[in-house]
$ cat data.txt   # compact mmCIF, C-alpha atoms
# COMPACT_ATOMS: atom_id res chain seq x y z
CA MET A 1 94.96 85.95 84.49
CA LYS A 2 96.04 89.52 85.19
CA VAL A 3 93.91 91.50 87.62
CA LYS A 4 93.86 95.30 87.63
CA VAL A 5 93.78 96.75 91.14
CA GLU A 6 93.39 100.44 91.95
CA ARG A 7 94.53 101.58 95.37
CA TYR A 8 92.56 104.32 97.07
CA ASP A 9 93.43 105.71 100.50
CA ALA A 10 90.19 106.39 102.35
CA PHE A 11 89.45 109.00 105.02
CA SER A 12 92.37 111.13 103.88
CA GLU A 13 93.21 113.61 101.15
CA VAL A 14 96.90 112.66 101.29
CA ALA A 15 98.12 109.56 99.47
CA GLY A 16 99.76 107.15 101.90
CA LYS A 17 97.64 108.23 104.84
CA GLY A 18 94.21 106.97 105.90
CA ASN A 19 93.30 103.39 105.03
CA PRO A 20 94.26 101.68 101.75
CA ALA A 21 91.66 99.68 99.85
CA GLY A 22 92.20 97.61 96.74
CA ILE A 23 89.41 98.34 94.26
CA ILE A 24 88.60 95.91 91.45
CA LEU A 25 86.10 97.61 89.15
CA ASN A 26 85.30 94.56 86.97
CA GLY A 27 84.17 92.38 89.85
CA ASP A 28 81.81 90.27 87.71
CA ALA A 29 84.84 88.77 85.96
CA TYR A 30 85.84 86.76 89.03
CA THR A 31 84.46 83.87 91.01
CA GLU A 32 84.15 84.09 94.78
CA GLU A 33 87.20 81.85 95.13
CA GLN A 34 89.19 84.13 92.82
CA MET A 35 88.07 87.19 94.76
CA GLN A 36 89.42 85.66 97.95
CA THR A 37 92.71 84.80 96.23
CA ILE A 38 93.03 88.37 94.93
CA ALA A 39 92.41 89.83 98.39
CA ARG A 40 95.01 87.52 99.91
CA LEU A 41 97.62 88.44 97.29
CA VAL A 42 96.94 92.18 97.57
CA GLY A 43 97.20 91.99 101.36
CA TYR A 44 95.26 95.12 102.33
CA ASN A 45 92.75 95.01 105.14
CA GLU A 46 90.03 95.00 102.47
CA CYS A 47 89.62 94.61 98.74
CA CYS A 48 86.32 95.70 97.20
CA PHE A 49 84.85 94.19 94.04
CA VAL A 50 82.42 96.38 92.11
CA CYS A 51 79.77 94.15 90.54
CA SER A 52 76.48 94.49 88.71
CA SER A 53 73.22 94.20 90.64
CA ARG A 54 69.61 93.32 89.87
CA VAL A 55 68.26 95.28 92.83
CA ALA A 56 70.55 98.33 92.91
CA GLU A 57 72.88 100.34 90.71
CA LEU A 58 75.98 98.59 92.02
CA ARG A 59 76.84 95.59 94.12
CA LEU A 60 79.91 95.74 96.38
CA ARG A 61 81.64 92.68 97.79
CA TYR A 62 84.35 93.01 100.43
CA PHE A 63 87.19 90.59 101.17
CA THR A 64 89.93 90.65 103.79
CA PRO A 65 92.92 88.37 103.12
CA GLY A 66 91.10 85.74 105.19
CA HIS A 67 87.39 85.96 104.44
CA GLU A 68 84.47 87.90 102.96
CA THR A 69 82.86 90.60 105.11
CA GLY A 70 79.33 91.95 104.94
CA LEU A 71 80.15 95.65 104.91
CA CYS A 72 83.28 97.80 104.96
CA GLY A 73 83.29 101.56 105.34
CA HIS A 74 86.70 102.51 104.00
CA ALA A 75 86.44 100.13 101.04
CA THR A 76 83.01 101.57 100.16
CA ILE A 77 84.39 105.11 100.21
CA GLY A 78 87.33 103.96 98.07
CA ALA A 79 85.15 102.01 95.63
CA ILE A 80 82.76 104.89 95.02
CA ALA A 81 85.69 107.31 94.57
CA ALA A 82 87.14 104.91 92.00
CA TRP A 83 83.79 104.54 90.22
CA ILE A 84 83.37 108.33 90.11
CA ARG A 85 86.89 108.85 88.74
CA ASN A 86 86.73 106.09 86.14
CA ASN A 87 83.35 107.26 84.86
CA ALA A 88 84.47 110.93 84.80
CA ILE A 89 81.47 111.98 86.91
CA GLU A 90 81.30 115.76 87.41
CA GLN A 91 78.03 116.12 89.29
CA ASP A 92 76.39 115.03 92.53
CA VAL A 93 75.39 111.36 92.53
CA THR A 94 73.15 109.23 94.75
CA LEU A 95 73.55 105.48 94.35
CA ALA A 96 71.64 102.50 95.66
CA VAL A 97 74.29 99.92 96.53
CA GLU A 98 73.69 96.24 97.20
CA THR A 99 75.77 94.69 100.00
CA ALA A 100 75.61 91.45 101.95
CA VAL A 101 73.89 93.27 104.84
CA GLY A 102 71.27 94.88 102.62
CA ARG A 103 70.84 97.78 100.23
CA ILE A 104 72.40 101.06 101.34
CA GLU A 105 72.47 104.58 99.96
CA VAL A 106 75.77 106.21 99.03
CA CYS A 107 75.98 109.87 97.95
CA TYR A 108 78.81 111.81 96.29
CA SER A 109 79.17 115.59 96.45
CA HIS A 110 81.03 116.95 93.44
CA ALA A 111 81.66 120.28 95.17
CA THR A 112 83.33 118.84 98.27
CA LYS A 113 84.42 115.40 96.89
CA GLU A 114 82.89 113.97 100.06
CA ILE A 115 81.14 110.60 100.03
CA ARG A 116 78.30 109.85 102.43
CA MET A 117 77.60 106.24 103.26
CA GLN A 118 74.56 104.87 105.01
CA GLN A 119 75.24 102.00 107.39
CA ALA A 120 72.94 99.43 108.95
CA ASN A 121 71.10 100.53 112.09
CA ALA A 122 73.26 99.96 115.14
CA LYS A 123 73.07 96.91 117.40
CA PHE A 124 74.80 96.44 120.75
CA LEU A 125 75.41 93.39 122.93
CA PRO A 126 77.03 93.50 126.40
CA PHE A 127 80.47 91.94 126.79
CA GLU A 128 80.18 89.05 129.25
CA GLY A 129 83.85 88.07 129.33
CA ASN A 130 86.75 88.93 131.61
CA ILE A 131 87.84 92.56 131.19
CA ASP A 132 91.28 91.94 132.73
CA LYS A 133 92.04 89.21 130.17
CA LEU A 134 90.63 91.37 127.39
CA LEU A 135 92.97 94.24 128.28
CA GLU A 136 95.89 91.80 128.45
CA THR A 137 95.30 90.84 124.82
CA ILE A 138 96.00 94.43 123.75
CA GLY A 139 98.91 94.91 126.16
CA LEU A 140 97.19 97.10 128.74
CA PRO A 141 96.81 96.97 132.54
CA ARG A 142 93.44 96.92 134.27
CA ASP A 143 93.65 100.59 135.25
CA ALA A 144 93.54 101.59 131.57
CA TYR A 145 89.80 100.79 131.47
CA MET A 146 87.55 103.85 131.67
CA GLU A 147 85.04 102.92 134.38
CA GLY A 148 81.48 104.09 133.91
CA TYR A 149 81.24 103.20 130.22
CA PRO A 150 80.33 99.71 129.00
CA VAL A 151 82.54 97.33 127.09
CA CYS A 152 80.20 96.02 124.40
CA TYR A 153 79.95 94.49 120.97
CA GLY A 154 78.66 96.92 118.36
CA TRP A 155 77.44 96.40 114.79
CA THR A 156 76.49 98.66 111.89
CA GLY A 157 77.32 95.98 109.33
CA SER A 158 80.34 94.32 110.97
CA TRP A 159 80.87 93.29 114.61
CA THR A 160 83.54 94.94 116.73
CA LEU A 161 84.14 95.08 120.48
CA LEU A 162 84.32 98.64 121.84
CA VAL A 163 86.69 99.02 124.80
CA PRO A 164 86.63 102.43 126.59
CA ILE A 165 90.15 103.54 127.60
CA LYS A 166 91.03 106.42 129.94
CA SER A 167 93.48 108.42 127.83
CA LEU A 168 95.60 108.65 124.70
CA ASP A 169 98.74 107.65 126.61
CA TYR A 170 97.54 104.05 126.67
CA PHE A 171 97.05 104.00 122.88
CA LEU A 172 100.77 104.49 122.38
CA ILE A 173 101.67 101.31 124.29
CA MET A 174 99.02 98.95 122.91
CA LYS A 175 100.40 95.67 121.52
CA PRO A 176 97.65 93.39 120.24
CA GLU A 177 97.89 89.62 120.47
CA ASN A 178 95.23 88.98 117.87
CA LYS A 179 95.51 85.20 118.06
CA ARG A 180 94.25 85.40 121.67
CA PHE A 181 91.09 87.33 120.82
CA PRO A 182 88.84 84.26 120.23
CA GLU A 183 89.56 82.82 123.70
CA VAL A 184 88.38 86.10 125.28
CA LEU A 185 85.57 86.95 122.85
CA GLN A 186 83.64 83.77 123.45
CA GLN A 187 80.29 85.37 122.57
CA ASN A 188 81.59 86.37 119.14
CA GLU A 189 85.03 84.95 118.45
CA ARG A 190 85.26 86.59 115.00
CA ALA A 191 84.77 90.14 116.26
CA SER A 192 87.55 92.71 116.05
CA VAL A 193 88.70 94.71 119.07
CA HIS A 194 88.33 98.48 119.00
CA PRO A 195 89.69 100.56 121.92
CA ILE A 196 88.17 104.05 122.13
CA THR A 197 88.71 107.21 124.16
CA PHE A 198 87.26 110.72 124.43
CA THR A 199 90.60 112.56 124.35
CA CYS A 200 92.05 113.33 120.93
CA TYR A 201 95.20 114.61 119.24
CA ASP A 202 93.12 117.08 117.23
CA LYS A 203 90.76 119.07 119.46
CA LYS A 204 88.16 119.29 116.66
CA HIS A 205 87.58 115.57 117.09
CA THR A 206 85.31 113.99 119.69
CA MET A 207 86.59 110.40 119.79
CA HIS A 208 89.79 108.52 119.07
CA GLY A 209 90.22 104.84 118.29
CA ARG A 210 92.45 101.99 117.18
CA HIS A 211 91.21 98.89 115.42
CA PHE A 212 92.74 95.45 115.93
CA SER A 213 91.61 92.84 113.43
CA SER A 214 90.10 89.46 114.08
CA PRO A 215 92.81 86.80 113.61
CA PHE A 216 90.54 85.18 111.02
CA SER A 217 90.95 88.20 108.73
CA GLY A 218 94.65 87.70 108.12
CA THR A 219 95.63 91.22 109.21
CA VAL A 220 96.69 92.84 112.49
CA GLU A 221 95.49 96.45 112.54
CA ASP A 222 93.13 98.51 110.41
CA SER A 223 94.35 102.09 110.25
CA VAL A 224 91.07 104.06 109.83
CA THR A 225 87.85 102.05 109.99
CA GLY A 226 84.53 103.21 108.57
CA THR A 227 82.16 100.64 110.04
CA ALA A 228 83.82 100.76 113.46
CA SER A 229 83.64 104.56 113.38
CA GLY A 230 79.93 104.24 112.66
CA VAL A 231 79.63 102.00 115.71
CA MET A 232 81.57 104.58 117.75
CA GLY A 233 79.11 107.31 116.76
CA ALA A 234 76.17 105.13 117.73
CA TYR A 235 77.89 104.27 121.03
CA TYR A 236 78.38 107.97 121.76
CA LEU A 237 74.69 108.65 121.19
CA ASN A 238 73.57 105.56 123.11
CA TYR A 239 75.85 105.70 126.15
CA VAL A 240 77.48 109.13 126.36
CA LYS A 241 75.29 112.00 125.17
CA GLU A 242 71.54 112.29 125.61
CA ALA A 243 70.39 113.77 122.31
CA GLU A 244 68.29 112.97 119.28
CA GLU A 245 71.27 113.32 116.94
CA ILE A 246 75.04 113.73 117.08
CA ASP A 247 77.43 114.90 114.37
CA ILE A 248 81.05 114.21 115.37
CA LEU A 249 84.54 113.75 113.97
CA ILE A 250 86.50 110.62 114.80
CA GLU A 251 90.27 110.27 114.40
CA GLN A 252 92.27 107.10 113.96
CA GLY A 253 95.60 105.87 112.63
CA ASN A 254 97.80 108.40 114.43
CA GLU A 255 99.85 105.78 116.28
CA ILE A 256 100.86 104.07 113.02
CA GLN A 257 101.37 107.26 110.96
CA LYS A 258 98.21 106.62 108.89
CA GLU A 259 96.02 109.29 110.43
CA GLY A 260 92.59 109.92 109.00
CA THR A 261 89.23 111.41 109.90
CA VAL A 262 85.70 110.01 109.72
CA ARG A 263 82.66 112.20 110.19
CA VAL A 264 79.76 110.30 111.78
CA VAL A 265 76.13 111.33 112.07
CA ALA A 266 73.97 109.14 114.32
CA GLN A 267 70.32 109.81 115.08
CA ARG A 268 67.52 108.14 116.96
CA ASP A 269 64.88 106.71 114.65
CA SER A 270 61.82 104.87 116.01
CA GLY A 271 63.75 103.26 118.84
CA GLU A 272 66.82 102.48 116.72
CA ILE A 273 69.99 104.38 115.92
CA ALA A 274 70.56 105.21 112.25
CA VAL A 275 74.16 105.85 111.20
CA LYS A 276 75.85 107.63 108.31
CA ILE A 277 79.55 108.20 107.79
CA PHE A 278 81.28 110.78 105.60
CA GLY A 279 84.75 110.73 104.10
CA ARG A 280 86.98 111.33 101.12
CA ALA A 281 89.38 109.03 99.31
CA VAL A 282 92.48 109.81 97.28
CA TYR A 283 93.77 107.77 94.33
CA ASN A 284 97.19 106.29 95.08
CA GLU A 285 98.24 103.88 92.32
CA THR A 286 97.22 101.18 89.85
CA PHE A 287 98.94 97.80 89.79
CA TYR A 288 98.38 94.31 88.41
CA ILE A 289 98.58 90.90 90.01
CA GLU A 290 98.40 87.44 88.46
CA ILE A 291 96.11 84.67 89.63
$ encode --input "data.txt" --output "structure tokens"
Amino acid sequence: MKVKVERYDAFSEVAGKGNPAGIILNGDAYTEEQMQTIARLVGYNECCFVCSSRVAELRLRYFTPGHETGLCGHATIGAIAAWIRNNAIEQDVTLAVETAVGRIEVCYSHATKEIRMQQANAKFLPFEGNIDKLLETIGLPRDAYMEGYPVCYGWTGSWTLLVPIKSLDYFLIMKPENKRFPEVLQQNERASVHPITFTCYDKKHTMHGRHFSSPFSGTVEDSVTGTASGVMGAYYLNYVKEAEEIDILIEQGNEIQKEGTVRVVAQRDSGEIAVKIFGRAVYNETFYIEI
């Protein structure tokens, strides 16, 4: 069976930058086992299968080479860009999208080509492990940790561990040992590790990050992450800036020449933090694989 895959690079307007996602628009044609096989053969951090839904206009399913995930930001942006392009949409669109973490709203602006994605309300859990050992797993010394800000697990649809780092200099020397993550992340061994800092290459940005994958996912580093950026925005509102709402730009991918930008809006809502991310995606190529 030949499978048509469209590659979209999310959070960039330049093909080859940002974060690649494999988009399969006829997702209903494949079983879950076949979806996992396709994702493994494609090899990107995520493949997204666009399926029909009984409760929304679309259903999106996300697969890393190693397993299915509940929500993925860059693959959502890529999938909606692909759906817009393939359906020759030339107007603003608001879509209800079914995901494994619930129904979300995704909006497309025809004028700006920007896609807005709602994420799940943020959750945080304190990290109870050894910070020294945690830093060792990403190749950093203890003095890289930015005291005064918590290391914590964050979730807006996918769990990641946020690790505050003093400066950009440390991001250039990071060397993740992903296979060691589970022994350190004993509260959530499948979480990814996401170092963050408040100094940036581009002064228009507020935060900078890198994203090191869970070893269960079958990848090492995610270049520009949508869900983790959503968590970063919620973290900024929860632990850094006292406000009702923040609207910030987050940069990622610079260290691996895949730079991209995610705009994040986080706001307090009845004791919770609601999160939306914004980004564009550029079509890169179409290819076929056999399963």
$ residues_around --input "data.txt" --residues "segment 169-173 of chain A" --least-positions-apart "6" --cutoff "10 Å" --atoms "only C-alpha atoms" --output "list in words"
Ile138, Gly139, Leu140, Pro141, Ala144, Tyr145, Pro195, Ile196, Thr197, Thr199, His208, Gly209, Arg210, Asn254, Glu255 and Ile256 of chain A
$ atom_distance --input "data.txt" --atom1 "atom CA of Thr156 of chain A" --atom2 "atom CA of Ile23 of chain A"
21.9 Å
$ atom_distance --input "data.txt" --atom1 "atom CA of Met174 of chain A" --atom2 "atom CA of Ser217 of chain A"
19.5 Å
$ closest_residue --input "data.txt" --among "A:Leu134, A:Val97, A:Val264, A:Val151" --to "Glu57 of chain A" --atoms "all atoms listed in the file"
A:Val97
$ closest_residue --input "data.txt" --among "A:Met146, A:Val50, A:Ala82, A:Leu58" --to "Ala10 of chain A" --atoms "all atoms listed in the file"
A:Ala82
$ closest_atom_pairs --input "data.txt" --of "segment 129-177 of chain A" --to "segment 101-120 of chain A" --cutoff "9 Å" --atoms "only C-alpha atoms" --output "tab-separated table"
residue	atom	partner	partner_atom	distance
A:Trp155	CA	A:Ala120	CA	8.0
A:Thr156	CA	A:Ala120	CA	4.7
A:Gly157	CA	A:Ala120	CA	5.6
A:Ser158	CA	A:Val101	CA	9.0
$ atom_distance --input "data.txt" --atom1 "atom CA of Arg61 of chain A" --atom2 "atom CA of Asp28 of chain A"
10.4 Å
$ closest_residue --input "data.txt" --among "A:Gly43, A:Pro150, A:Pro126, A:Gly279" --to "Ile250 of chain A" --atoms "all atoms listed in the file"
A:Gly279
$ residues_around --input "data.txt" --residues "His67 of chain A" --least-positions-apart "5" --cutoff "10 Å" --atoms "all atoms listed in the file" --output "short mmCIF file (atom, residue, chain, number, x, y, z; two decimals) with C-alpha atoms, in the frame of the given file"
data_model
loop_
_atom_site.label_atom_id
_atom_site.label_comp_id
_atom_site.auth_asym_id
_atom_site.auth_seq_id
_atom_site.Cartn_x
_atom_site.Cartn_y
_atom_site.Cartn_z
CA MET A 35 88.07 87.19 94.76
CA GLN A 36 89.42 85.66 97.95
CA THR A 37 92.71 84.80 96.23
CA ALA A 39 92.41 89.83 98.39
CA ARG A 40 95.01 87.52 99.91
CA GLU A 46 90.03 95.00 102.47
CA TYR A 62 84.35 93.01 100.43
CA PHE A 216 90.54 85.18 111.02
CA SER A 217 90.95 88.20 108.73
CA GLY A 218 94.65 87.70 108.12
#
$ closest_residue --input "data.txt" --among "A:Phe287, A:Phe278, A:Tyr153, A:Phe181" --to "Thr137 of chain A" --atoms "only C-alpha atoms"
A:Phe181
$ residues_around --input "data.txt" --residues "Thr206 of chain A" --least-positions-apart "2" --cutoff "10 Å" --atoms "only C-alpha atoms" --output "MDAnalysis selection string"
chainID A and resid 197:204 208 233 236 247:251
$ closest_residue --input "data.txt" --among "A:Val220, A:Gln252, A:Thr99, A:Thr160" --to "Ser53 of chain A" --atoms "only C-alpha atoms"
A:Thr99
$ residues_near_point --input "data.txt" --point "(96.2, 102.5, 92.4)" --cutoff "12 Å" --atoms "only C-alpha atoms" --output "NGL selection string"
:A and (4-9 or 15-16 or 20-25 or 42 or 78-79 or 81-82 or 85-86 or 281-288)
$ decode --input "data.txt" --residues "segment 129-143 of chain A" --atoms "C-alpha atoms" --output "PDB file, in the first residue's frame"
ATOM      1  CA  GLY A 129      13.809  14.368  41.726  1.00  0.00           C
ATOM      2  CA  ASN A 130      17.491  15.254  41.920  1.00  0.00           C
ATOM      3  CA  ILE A 131      18.263  18.463  40.006  1.00  0.00           C
ATOM      4  CA  ASP A 132      21.991  17.671  39.750  1.00  0.00           C
ATOM      5  CA  LYS A 133      21.264  14.334  38.053  1.00  0.00           C
ATOM      6  CA  LEU A 134      18.652  15.979  35.843  1.00  0.00           C
ATOM      7  CA  LEU A 135      21.168  18.554  34.611  1.00  0.00           C
ATOM      8  CA  GLU A 136      23.712  15.785  34.001  1.00  0.00           C
ATOM      9  CA  THR A 137      21.308  14.103  31.578  1.00  0.00           C
ATOM     10  CA  ILE A 138      21.414  17.181  29.336  1.00  0.00           C
ATOM     11  CA  GLY A 139      25.157  17.735  29.743  1.00  0.00           C
ATOM     12  CA  LEU A 140      25.058  20.716  32.086  1.00  0.00           C
ATOM     13  CA  PRO A 141      26.708  21.548  35.437  1.00  0.00           C
ATOM     14  CA  ARG A 142      24.727  22.457  38.538  1.00  0.00           C
ATOM     15  CA  ASP A 143      25.479  26.170  38.192  1.00  0.00           C
TER      16      ASP A 143
END
